[in-house]
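With mmCIF, C-alpha atoms inside, this is start.cif:
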```cif
data_run
loop_
_atom_site.label_atom_id
_atom_site.label_comp_id
_atom_site.auth_asym_id
_atom_site.auth_seq_id
_atom_site.Cartn_x
_atom_site.Cartn_y
_atom_site.Cartn_z
CA MET A 143 130.85 228.84 97.32
CA SER A 144 130.35 231.00 100.34
CA SER A 145 128.52 229.78 103.34
CA SER A 146 126.34 231.99 105.40
CA GLY A 147 127.09 232.33 109.04
CA SER A 148 130.77 231.83 108.42
CA SER A 149 132.26 234.72 110.26
CA GLY A 150 135.63 234.29 111.82
CA GLY A 151 137.55 232.97 108.90
CA GLY A 152 139.77 234.71 106.47
CA GLY A 153 142.61 236.87 107.56
CA PHE A 154 144.97 234.54 105.74
CA GLY A 155 145.94 233.83 102.17
CA GLY A 156 142.97 231.65 101.30
CA GLY A 157 139.25 232.06 101.43
CA GLN A 158 138.71 232.91 97.80
CA PRO A 159 136.53 230.44 95.95
CA GLU A 160 138.12 229.26 92.75
CA GLU A 161 136.75 227.92 89.50
CA ARG A 162 136.89 224.15 89.41
CA ASP A 163 139.46 222.84 86.99
CA CYS A 164 139.31 219.08 86.49
CA ASN A 165 142.56 218.95 84.56
CA ILE A 166 144.31 218.09 87.79
CA ILE A 167 147.98 217.19 87.51
CA GLU A 168 149.84 217.09 90.79
CA ARG A 169 152.74 215.22 92.34
CA VAL A 170 152.03 213.98 95.84
CA SER A 171 153.01 211.20 98.18
CA LEU A 172 150.41 208.65 99.08
CA THR A 173 149.14 209.45 102.55
CA SER A 174 148.93 206.54 104.97
CA PRO A 175 150.52 204.15 102.46
CA VAL A 176 149.81 200.46 103.06
CA PRO A 177 153.27 198.84 103.37
CA ALA A 178 152.19 195.41 102.14
CA VAL A 179 150.75 196.95 98.99
CA ILE A 180 153.48 199.53 98.40
CA SER A 181 156.05 196.75 98.43
CA THR A 182 154.40 195.21 95.38
CA LEU A 183 154.51 198.42 93.32
CA LYS A 184 157.17 199.62 90.92
CA LYS A 185 157.93 202.85 89.12
CA GLY A 186 155.50 203.50 86.29
CA ASP A 187 152.63 201.50 87.76
CA LYS A 188 149.27 203.15 87.30
CA LEU A 189 147.08 203.31 90.37
CA ASP A 190 143.36 203.85 89.98
CA VAL A 191 142.17 206.95 91.83
CA ARG A 192 138.72 206.42 93.32
CA ILE A 193 136.33 207.71 95.91
CA ARG A 194 136.05 205.59 99.02
CA THR A 195 133.09 205.91 101.36
CA GLN A 196 133.97 205.02 104.91
CA ALA A 197 132.32 205.91 108.18
CA GLY A 198 129.82 208.14 106.39
CA ARG A 199 132.40 210.22 104.59
CA ASP A 200 133.94 210.19 101.12
CA SER A 201 137.67 210.38 100.61
CA VAL A 202 140.04 209.68 97.74
CA VAL A 203 142.27 206.63 97.61
CA ALA A 204 144.57 205.00 95.09
CA HIS A 205 144.00 201.36 94.21
CA ALA A 206 146.92 199.18 93.14
CA PRO A 207 146.60 197.14 89.92
CA SER A 208 145.65 194.20 92.16
CA GLY A 209 142.59 196.17 93.27
CA VAL A 210 143.58 196.79 96.87
CA ILE A 211 144.05 200.23 98.38
CA ALA A 212 147.65 201.46 98.33
CA GLY A 213 147.07 204.71 100.18
CA ALA A 214 145.08 207.91 100.36
CA ILE A 215 145.35 210.90 98.05
CA ILE A 216 145.38 214.36 99.55
CA LEU A 217 146.41 217.14 97.21
CA SER A 218 148.35 220.28 98.09
CA SER A 219 145.37 222.35 99.20
CA VAL A 220 141.90 221.74 100.54
CA GLN A 221 140.48 223.37 97.41
CA ARG A 222 142.32 221.01 95.08
CA THR A 223 141.38 218.01 97.18
CA ARG A 224 137.75 219.14 97.05
CA ASP A 225 138.04 219.58 93.28
CA LEU A 226 139.39 216.06 92.89
CA ILE A 227 136.41 214.60 94.73
CA GLU A 228 133.92 216.64 92.74
CA CYS A 229 135.60 215.86 89.42
CA LEU A 230 135.60 212.14 90.19
CA ARG A 231 131.88 212.41 90.90
CA GLU A 232 131.38 214.21 87.61
CA GLY A 233 132.85 211.23 85.79
CA TRP A 234 136.48 212.18 85.39
CA HIS A 235 138.97 209.34 85.81
CA TYR A 236 142.46 209.79 87.18
CA ASP A 237 145.58 207.71 87.43
CA ALA A 238 148.23 208.02 90.10
CA ILE A 239 151.42 207.06 88.32
CA VAL A 240 154.15 205.75 90.60
CA LEU A 241 157.24 207.97 90.37
CA ASP A 242 159.35 206.33 93.05
CA ILE A 243 159.15 204.28 96.18
CA LYS A 244 161.52 204.99 99.05
CA GLY A 245 161.39 203.53 102.52
CA GLY A 246 157.72 202.65 102.34
CA LEU A 247 156.73 206.01 100.88
CA CYS A 248 155.29 206.23 97.42
CA ASN A 249 155.44 209.36 95.30
CA VAL A 250 152.88 209.54 92.52
CA GLU A 251 151.70 211.92 89.87
CA VAL A 252 147.95 212.29 89.75
CA ARG A 253 146.67 213.09 86.27
CA PRO A 254 143.49 212.62 84.25
CA ARG A 255 143.25 209.34 82.44
CA PRO A 256 143.66 209.89 78.69
CA MET B 55 154.52 205.58 113.33
CA GLN B 56 152.72 206.88 110.25
CA TYR B 57 154.54 209.00 107.75
CA VAL B 58 153.47 211.91 105.62
CA SER B 59 155.74 213.35 103.00
CA HIS B 60 155.50 216.54 101.07
CA CYS B 61 157.32 217.73 98.03
CA ASP B 62 157.48 221.36 97.00
CA GLN B 63 159.98 223.78 95.49
CA ALA B 64 162.03 223.64 98.69
CA GLY B 65 162.46 219.89 98.28
CA SER B 66 161.05 216.79 99.86
CA ARG B 67 160.16 216.64 103.56
CA LEU B 68 158.96 213.86 105.79
CA LEU B 69 156.73 214.07 108.85
CA ALA B 70 156.52 211.21 111.31
CA LEU B 71 153.30 211.02 113.28
CA PRO B 72 152.25 208.62 116.02
CA ASP B 73 150.29 205.54 115.01
CA SER B 74 146.65 206.11 114.27
CA GLY B 75 145.65 204.24 117.43
CA ASP B 76 147.86 206.30 119.74
CA GLU B 77 146.21 208.98 121.82
CA VAL B 78 146.87 212.62 121.08
CA MET B 79 144.96 213.60 124.21
CA PRO B 80 143.18 211.42 126.74
CA GLY B 81 140.40 209.60 124.89
CA LEU B 82 141.28 211.07 121.49
CA LYS B 83 143.19 209.00 118.95
CA TRP B 84 145.38 210.46 116.23
CA GLY B 85 143.58 208.60 113.45
CA SER B 86 145.04 208.26 110.00
CA ALA B 87 146.36 211.27 108.12
CA GLY B 88 144.56 209.90 105.08
CA ASP B 89 141.19 210.09 106.81
CA TYR B 90 139.81 213.58 106.59
CA PHE B 91 139.27 215.69 109.70
CA THR B 92 141.17 213.44 112.11
CA PRO B 93 143.86 214.96 114.35
CA ALA B 94 146.51 213.42 112.06
CA PHE B 95 144.84 214.97 108.99
CA TRP B 96 144.83 218.46 110.49
CA LYS B 97 148.38 218.06 111.73
CA ALA B 98 149.61 216.84 108.34
CA PHE B 99 147.84 219.59 106.41
CA ALA B 100 149.08 222.28 108.76
CA TRP B 101 152.60 220.93 108.40
CA LYS B 102 152.33 221.03 104.61
CA ALA B 103 150.68 224.40 104.29
CA GLU B 104 151.47 226.42 107.42
CA ALA B 105 152.62 229.44 105.44
CA SER B 106 149.32 229.61 103.56
CA TYR B 107 147.31 229.64 106.76
CA SER B 108 149.32 232.04 108.86
CA PRO B 109 147.11 234.90 110.04
CA ARG B 110 147.18 238.24 108.26
CA ALA B 111 145.46 241.48 109.06
CA PHE B 112 142.88 242.96 106.70
CA GLY B 113 143.52 246.50 107.88
CA GLU B 114 146.58 248.66 108.30
CA ASN B 115 146.01 249.28 112.01
CA LEU B 116 143.92 248.07 114.94
CA ARG B 117 141.09 250.46 114.21
CA GLU B 118 140.76 249.22 110.64
CA GLU B 119 140.95 245.61 111.83
CA LEU B 120 138.06 246.34 114.17
CA ALA B 121 136.03 247.62 111.23
CA ALA B 122 136.93 244.71 108.97
CA CYS B 123 136.15 242.03 111.55
CA MET B 124 132.86 243.66 112.53
CA LEU B 125 131.82 243.75 108.87
CA CYS B 126 132.61 240.00 108.62
CA GLY B 127 130.32 239.28 111.56
CA TYR B 128 127.63 236.68 111.93
CA GLY B 129 125.70 235.82 108.79
CA ILE B 130 128.17 237.53 106.48
CA PRO B 131 130.51 235.40 104.35
CA SER B 132 134.02 236.70 104.86
CA GLU B 133 134.51 237.63 101.20
CA VAL B 134 131.48 239.89 101.42
CA GLY B 135 132.59 241.40 104.72
CA VAL B 136 136.04 242.12 103.33
CA ALA B 137 134.56 243.69 100.20
CA ALA B 138 132.38 245.90 102.41
CA PHE B 139 135.42 246.90 104.46
CA TRP B 140 137.34 247.89 101.34
CA ARG B 141 134.44 249.93 100.04
CA LEU B 142 134.26 251.93 103.27
CA LYS B 143 138.04 252.26 103.48
CA ARG B 144 138.51 253.37 99.88
CA SER B 145 135.66 255.84 100.22
CA ASP B 146 137.39 257.23 103.32
CA LEU B 147 134.20 256.67 105.28
CA LEU B 148 135.91 254.95 108.21
CA ALA B 149 137.74 258.12 109.23
CA THR B 150 134.55 259.80 110.46
CA PRO B 151 132.09 257.13 111.56
CA ASN B 152 128.58 257.89 110.40
CA CYS B 153 125.96 255.18 110.21
CA VAL B 154 123.92 256.95 107.54
CA ARG B 155 126.90 257.20 105.23
CA PHE B 156 127.83 253.59 106.03
CA GLN B 157 124.28 252.52 105.14
CA GLU B 158 124.37 254.39 101.86
CA ALA B 159 127.64 252.75 100.91
CA LEU B 160 126.67 249.25 102.04
CA SER B 161 123.20 249.29 100.52
CA GLU B 162 124.71 249.06 97.03
CA PRO B 163 125.70 245.57 95.81
CA LEU B 164 129.32 244.56 96.24
CA ALA B 165 131.42 242.92 93.55
CA VAL B 166 132.60 239.62 95.02
CA ASN B 167 134.36 237.09 92.82
CA GLY B 168 132.70 238.44 89.74
CA ARG B 169 129.20 238.51 91.23
CA GLN B 170 127.12 241.35 92.57
CA ILE B 171 126.18 240.55 96.15
CA ARG B 172 124.09 242.51 98.62
CA TYR B 173 125.50 243.06 102.08
CA ARG B 174 122.91 241.63 104.45
CA PHE B 175 121.91 243.52 107.59
CA PHE B 176 123.54 246.69 106.31
CA ARG B 177 121.41 248.93 108.52
CA THR B 178 122.15 247.21 111.82
CA LYS B 179 125.78 246.66 110.89
CA SER B 180 126.20 250.33 110.06
CA VAL B 181 124.82 251.41 113.41
CA ALA B 182 126.99 248.87 115.27
CA LEU B 183 130.09 249.89 113.34
CA GLU B 184 129.61 253.56 114.05
CA GLY B 185 129.14 252.82 117.75
CA ALA B 186 132.23 250.63 117.98
CA LEU B 187 134.48 253.01 116.06
CA ARG B 188 133.34 256.01 118.09
CA ALA B 189 133.94 254.14 121.35
CA PHE B 190 137.34 253.00 120.07
CA ASP B 191 138.27 256.59 119.25
CA ASP B 192 137.02 257.89 122.60
CA ARG B 193 138.83 255.26 124.67
CA GLY B 194 142.09 255.09 122.76
CA ILE B 195 142.82 251.38 123.11
CA ASP B 196 146.52 250.69 123.43
CA PRO B 197 147.50 248.35 120.59
CA SER B 198 150.62 247.18 122.46
CA LEU B 199 148.63 245.23 125.05
CA THR B 200 149.03 241.46 125.25
CA ALA B 201 146.59 239.39 123.25
CA ILE B 202 144.30 238.64 126.18
CA GLU B 203 144.44 242.20 127.52
CA LEU B 204 143.67 243.54 124.08
CA ARG B 205 140.75 241.18 123.64
CA ASP B 206 139.37 242.19 127.03
CA GLU B 207 139.60 245.85 126.04
CA LEU B 208 137.98 245.26 122.66
CA MET B 209 135.11 243.42 124.34
CA THR B 210 134.21 246.61 126.18
CA LEU B 211 133.29 248.19 122.84
CA PRO B 212 129.61 248.07 121.91
CA GLY B 213 128.78 245.25 119.52
CA VAL B 214 132.07 243.42 120.05
CA GLY B 215 131.74 239.99 121.65
CA PRO B 216 134.35 237.31 122.35
CA LYS B 217 134.42 235.95 118.81
CA THR B 218 134.81 239.30 117.04
CA ALA B 219 137.36 240.47 119.62
CA SER B 220 139.32 237.24 119.17
CA TYR B 221 139.14 237.58 115.40
CA ILE B 222 140.60 241.09 115.60
CA VAL B 223 143.35 240.03 118.00
CA ARG B 224 144.30 236.94 116.03
CA ASN B 225 144.60 238.84 112.77
CA TYR B 226 146.19 241.98 114.20
CA LEU B 227 148.74 240.30 116.48
CA GLY B 228 148.99 236.92 114.74
CA SER B 229 148.22 235.58 118.20
CA ASP B 230 148.06 231.92 119.19
CA ASP B 231 146.55 232.76 122.58
CA VAL B 232 143.00 233.15 121.27
CA ALA B 233 140.71 231.19 118.97
CA VAL B 234 137.94 232.31 116.65
CA LEU B 235 135.18 229.86 117.44
CA ASP B 236 132.84 230.27 114.51
CA VAL B 237 130.42 227.71 113.14
CA HIS B 238 133.11 225.88 111.14
CA ILE B 239 135.62 225.60 113.97
CA THR B 240 132.88 224.47 116.30
CA ARG B 241 131.74 221.79 113.86
CA ALA B 242 135.29 220.55 113.26
CA SER B 243 135.90 220.44 117.00
CA LYS B 244 132.70 218.47 117.54
CA MET B 245 133.73 216.01 114.81
CA LEU B 246 137.04 215.58 116.62
CA ARG B 247 135.13 215.22 119.90
CA ILE B 248 137.27 217.86 121.55
CA PHE B 249 133.97 219.72 121.98
CA PRO B 250 130.87 217.93 123.26
CA GLU B 251 127.91 217.74 120.88
CA SER B 252 126.12 220.28 123.06
CA ALA B 253 128.95 222.83 122.79
CA ASP B 254 127.71 226.36 122.27
CA PRO B 255 130.31 229.14 121.89
CA GLN B 256 127.59 231.73 122.54
CA ARG B 257 127.37 230.46 126.11
CA GLN B 258 130.75 228.82 126.79
CA TYR B 259 133.24 230.73 124.65
CA PHE B 260 136.24 230.78 126.95
CA HIS B 261 135.82 227.19 128.14
CA LEU B 262 135.61 225.93 124.55
CA GLU B 263 138.50 228.14 123.50
CA ARG B 264 140.65 226.52 126.17
CA LEU B 265 139.78 223.06 124.79
CA PHE B 266 140.67 224.18 121.27
CA LEU B 267 143.98 225.69 122.36
CA GLU B 268 144.83 222.50 124.30
CA PHE B 269 144.22 220.48 121.15
CA ALA B 270 146.38 222.81 119.05
CA ARG B 271 149.19 222.44 121.58
CA ALA B 272 148.77 218.66 121.67
CA ILE B 273 149.24 218.33 117.92
CA GLU B 274 151.91 221.05 117.96
CA VAL B 275 150.23 223.35 115.48
CA ARG B 276 149.98 227.10 115.97
CA ALA B 277 146.42 227.80 117.11
CA SER B 278 146.05 230.65 114.60
CA VAL B 279 147.13 228.38 111.76
CA LEU B 280 144.86 225.55 112.89
CA ASP B 281 141.97 227.97 113.20
CA ASN B 282 142.41 229.24 109.64
CA LEU B 283 143.03 225.77 108.25
CA MET B 284 139.96 224.30 109.93
CA TRP B 285 137.86 227.20 108.74
CA ASP B 286 138.99 226.68 105.17
CA GLY B 287 138.78 222.89 105.37
CA MET B 288 135.30 222.82 106.85
CA ARG B 289 133.77 225.31 104.45
CA THR B 290 135.59 224.06 101.36
CA LEU B 291 136.36 220.37 101.69
CA GLU B 292 133.92 219.02 104.25
CA PRO B 293 130.74 219.52 102.20
CA ALA B 294 132.38 217.64 99.32
CA THR B 295 133.11 214.63 101.52
CA ARG B 296 129.47 213.98 102.32
CA PRO B 297 128.45 210.94 100.30
CA ARG B 298 126.00 211.70 97.50
CA ARG B 299 123.03 209.55 96.79
CA THR B 300 122.90 208.63 93.14
#
```
Kindly return the structure encoded in the file as C-alpha cells.
Amino acid sequence: MSSSGSSGGGGFGGGQPEERDCNIIERVSLTSPVPAVISTLKKGDKLDVRIRTQAGRDSVVAHAPSGVIAGAIILSSVQRTRDLIECLREGWHYDAIVLDIKGGLCNVEVRPRP
Amino acid sequence: MQYVSHCDQAGSRLLALPDSGDEVMPGLKWGSAGDYFTPAFWKAFAWKAEASYSPRAFGENLREELAACMLCGYGIPSEVGVAAFWRLKRSDLLATPNCVRFQEALSEPLAVNGRQIRYRFFRTKSVALEGALRAFDDRGIDPSLTAIELRDELMTLPGVGPKTASYIVRNYLGSDDVAVLDVHITRASKMLRIFPESADPQRQYFHLERLFLEFARAIEVRASVLDNLMWDGMRTLEPATRPRRT
C-alpha cells in the first residue's frame, strides 16, 4: 500500500508495507481504560473487541461482558493496529483476555476467537 | 490524568498524560490516547515506539542523502524512491552524474516489495538529479554546518526546495530543528488543528514548520520522531479508520 505524493517519509525503520496477518496475538494494556468498568473486571474475563465509529472515524475498543466499553485497543505498531481494524471488518472476531488489573490499568491479551 | 502503559522485553512502563480536556497548547486539547490522531495518541505512540521512528539516513554521506531524498520527491512513494537510489548507487552511477545514464537506469521497472514498479517522471528526475549533484560537487557543501545552515545551503542547489532540503537534513543529522512537511504531515496537522485548513506548505513552509515544531515541543516528542510517526500513521492507519459503508 503505497500512496502517491508521499514524499518526505521514510528514513526510519518502517515504511515497508507488510502482508496482513489476521492471526493477531498481542499483549497490550487497554488505552484510556474506563475506571468504573475496569473495577468490575477480573483476571480471565473475555472482552469483546469491536470497531467503534465515533466522530466520523473508526477505532477499536474492548467491551466488558456487561456490554459497556472498558477501554481502547491500540497495538504495538500502526501497521498491526491497521491490520486489526481490517481483520475485524473482514469478519474476524477477537477477544481481549484480562491478564491482570493494577491501579486502574488493565493488561489484556488480544487473540482471535476460537 | 490519563495513563498509558506499555509492556515490552524491557519490562512494563507507565506514561501519565494530562486529562483529555486539558490544553496542550492554547485552544488545543490533549484528547484521549485511545482516540486516534489526537495529541495524546501521537504522544503515547511516540513514547511506545520512539526507537522505531528515530531518523536514519539512506545514504552513507551527505551527497548520497541528497540523491536519495531527491529520488523520493513529489509523486514518488518512498519505497520506489529508495529502490531507485539503490539501483543508481549499486550501479556506481552517482559518482559521475549523467542524466542520460540515470534515465537508462530508471526507465527499467524496479523491484519493490515483490512487485515490478515503474519510476514515474524518470526523465525530469534524472535531469534534476544530475544538476543537483553537479552543483553539490562544484560548491563543496560543508556537512558540519548546523541543521538550519545546512538546509539553507542545500536550498541553493537546483531542484532542492524546503521540503527536500529538510528531508536531507533530518535524515543526515537526525535533526529536530526541521520538519518534513509532506502531504501526510500536513493532513495530520490539519486534523489536529495546529495548521489551518487553508495551510499550504508550498507557500508557507517555514511558518507551518514553526507551528509543527511548537507542537512537538509541547507534547515533548522529538520533532524527527513525530514527523516519521505521523507519516507512517497517516499513510498506514488513517485510511483504515475511515468508516466503510456496507
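Between atom CA of Gln157 of chain B and atom CA of Ser132 of chain B there is a distance of 18.6 Å.
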Taking only C-alpha atoms into account and nothing else, which residues of chain B lie no more than 8 Å away from chain A? Please answer as a short mmCIF file (atom, residue, chain, number, x, y, z; two decimals) with C-alpha atoms, in the coordinates of the input.
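This went into part.cif:
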```cif
data_model
loop_
_atom_site.label_atom_id
_atom_site.label_comp_id
_atom_site.auth_asym_id
_atom_site.auth_seq_id
_atom_site.Cartn_x
_atom_site.Cartn_y
_atom_site.Cartn_z
CA GLN B 56 152.72 206.88 110.25
CA TYR B 57 154.54 209.00 107.75
CA VAL B 58 153.47 211.91 105.62
CA SER B 59 155.74 213.35 103.00
CA HIS B 60 155.50 216.54 101.07
CA CYS B 61 157.32 217.73 98.03
CA SER B 86 145.04 208.26 110.00
CA ALA B 87 146.36 211.27 108.12
CA GLY B 88 144.56 209.90 105.08
CA ASP B 89 141.19 210.09 106.81
CA TYR B 90 139.81 213.58 106.59
CA LYS B 102 152.33 221.03 104.61
CA ALA B 103 150.68 224.40 104.29
CA SER B 106 149.32 229.61 103.56
CA TYR B 107 147.31 229.64 106.76
CA SER B 108 149.32 232.04 108.86
CA PRO B 109 147.11 234.90 110.04
CA ARG B 110 147.18 238.24 108.26
CA ALA B 111 145.46 241.48 109.06
CA PHE B 112 142.88 242.96 106.70
CA CYS B 123 136.15 242.03 111.55
CA CYS B 126 132.61 240.00 108.62
CA GLY B 127 130.32 239.28 111.56
CA TYR B 128 127.63 236.68 111.93
CA GLY B 129 125.70 235.82 108.79
CA ILE B 130 128.17 237.53 106.48
CA PRO B 131 130.51 235.40 104.35
CA SER B 132 134.02 236.70 104.86
CA GLU B 133 134.51 237.63 101.20
CA ASN B 167 134.36 237.09 92.82
CA LYS B 217 134.42 235.95 118.81
CA THR B 218 134.81 239.30 117.04
CA TYR B 221 139.14 237.58 115.40
CA ASN B 225 144.60 238.84 112.77
CA VAL B 234 137.94 232.31 116.65
CA LEU B 235 135.18 229.86 117.44
CA ASP B 236 132.84 230.27 114.51
CA VAL B 237 130.42 227.71 113.14
CA HIS B 238 133.11 225.88 111.14
CA ASP B 281 141.97 227.97 113.20
CA ASN B 282 142.41 229.24 109.64
CA TRP B 285 137.86 227.20 108.74
CA ASP B 286 138.99 226.68 105.17
CA GLY B 287 138.78 222.89 105.37
CA ARG B 289 133.77 225.31 104.45
CA THR B 290 135.59 224.06 101.36
CA LEU B 291 136.36 220.37 101.69
CA ALA B 294 132.38 217.64 99.32
CA THR B 295 133.11 214.63 101.52
CA ARG B 296 129.47 213.98 102.32
CA PRO B 297 128.45 210.94 100.30
#
```
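Going from atom CA of Gly194 of chain B to atom CA of Ile222 of chain B covers 15.8 Å.
You will find atom CA of Tyr236 of chain A at 29.1 Å from atom CA of Met55 of chain B.
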(message) Which polymer residues, whether protein, DNA or RNA, lie within 12 Å of the coordinate (137.0, 226.1, 126.0) when you count only C-alpha atoms? List them as a ChimeraX atom specification, using the chain letters and numbers from the file.
(response) /B:232-235,240,243,248-250,253-269
(request) Could you tell me which residues the PyMOL selection byres ((chain A and resi 180) around 12) grabs in this file, written as number ranges by chain? (result) A: 171-179, 181-185, 187, 189, 204-208, 210-213, 240, 242-250
Quick one: 6 Å padding each side, axis-aligned, all listed atoms of segment 166-170 of chain B - centre and edge lengths in Å to one decimal, as lines of an AutoDock Vina configuration file?
```
center_x = 130.7
center_y = 239.2
center_z = 92.4
size_x = 19.2
size_y = 16.3
size_z = 17.3
```
(request) Convert the output of the PyMOL selection byres ((chain B and resi 136-148) around 9) on the shown file into explicit residues, formatted as a list in words. (result) Gly152 of chain A; Phe112, Gly113, Glu118, Ala121, Ala122, Cys123, Leu125, Cys126, Pro131, Ser132, Glu133, Val134, Gly135, Ala149, Thr150, Pro151, Asn152, Arg155, Phe156, Ala159, Leu160, Leu164, Ala165, Val166, Tyr173, Glu184 and Leu187 of chain B
(message) Could you check which residues have any atom within 12 Å of (118.2, 241.9, 104.0), counting all atoms listed in the file with coordinates taken straight from the file, and then list them as a ChimeraX atom specification?
(response) /B:129-130,160-163,171-179
Resulting file, chosen residues, C-alpha atoms, as an mmCIF file, keeping the file's coordinate frame:
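Written out: out_8.cif:
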```cif
data_model
loop_
_atom_site.group_PDB
_atom_site.id
_atom_site.type_symbol
_atom_site.label_atom_id
_atom_site.label_comp_id
_atom_site.auth_asym_id
_atom_site.auth_seq_id
_atom_site.Cartn_x
_atom_site.Cartn_y
_atom_site.Cartn_z
ATOM 1 C CA GLY B 129 125.700 235.820 108.790
ATOM 2 C CA ILE B 130 128.170 237.530 106.480
ATOM 3 C CA LEU B 160 126.670 249.250 102.040
ATOM 4 C CA SER B 161 123.200 249.290 100.520
ATOM 5 C CA GLU B 162 124.710 249.060 97.030
ATOM 6 C CA PRO B 163 125.700 245.570 95.810
ATOM 7 C CA ILE B 171 126.180 240.550 96.150
ATOM 8 C CA ARG B 172 124.090 242.510 98.620
ATOM 9 C CA TYR B 173 125.500 243.060 102.080
ATOM 10 C CA ARG B 174 122.910 241.630 104.450
ATOM 11 C CA PHE B 175 121.910 243.520 107.590
ATOM 12 C CA PHE B 176 123.540 246.690 106.310
ATOM 13 C CA ARG B 177 121.410 248.930 108.520
ATOM 14 C CA THR B 178 122.150 247.210 111.820
ATOM 15 C CA LYS B 179 125.780 246.660 110.890
#
```
On this structure, the PyMOL selection byres ((chain A and resi 238) around 6) would catch which residues? List them as a PDB file with C-alpha atoms, in the coordinates of the input, sorted by chain and number.
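The resulting file, out-v6.pdb, is shown below:
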```
ATOM      1  CA  LYS A 188     149.270 203.150  87.300  1.00  0.00           C
ATOM      2  CA  LEU A 189     147.080 203.310  90.370  1.00  0.00           C
ATOM      3  CA  ASP A 237     145.580 207.710  87.430  1.00  0.00           C
ATOM      4  CA  ILE A 239     151.420 207.060  88.320  1.00  0.00           C
ATOM      5  CA  VAL A 250     152.880 209.540  92.520  1.00  0.00           C
ATOM      6  CA  GLU A 251     151.700 211.920  89.870  1.00  0.00           C
ATOM      7  CA  VAL A 252     147.950 212.290  89.750  1.00  0.00           C
TER       8      VAL A 252
END
```
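With distances restricted to all atoms listed in the file, B:Leu82 is the closest residue to Arg247 of chain B from B:Ala64, B:Cys153, B:Ala277, B:Leu82.
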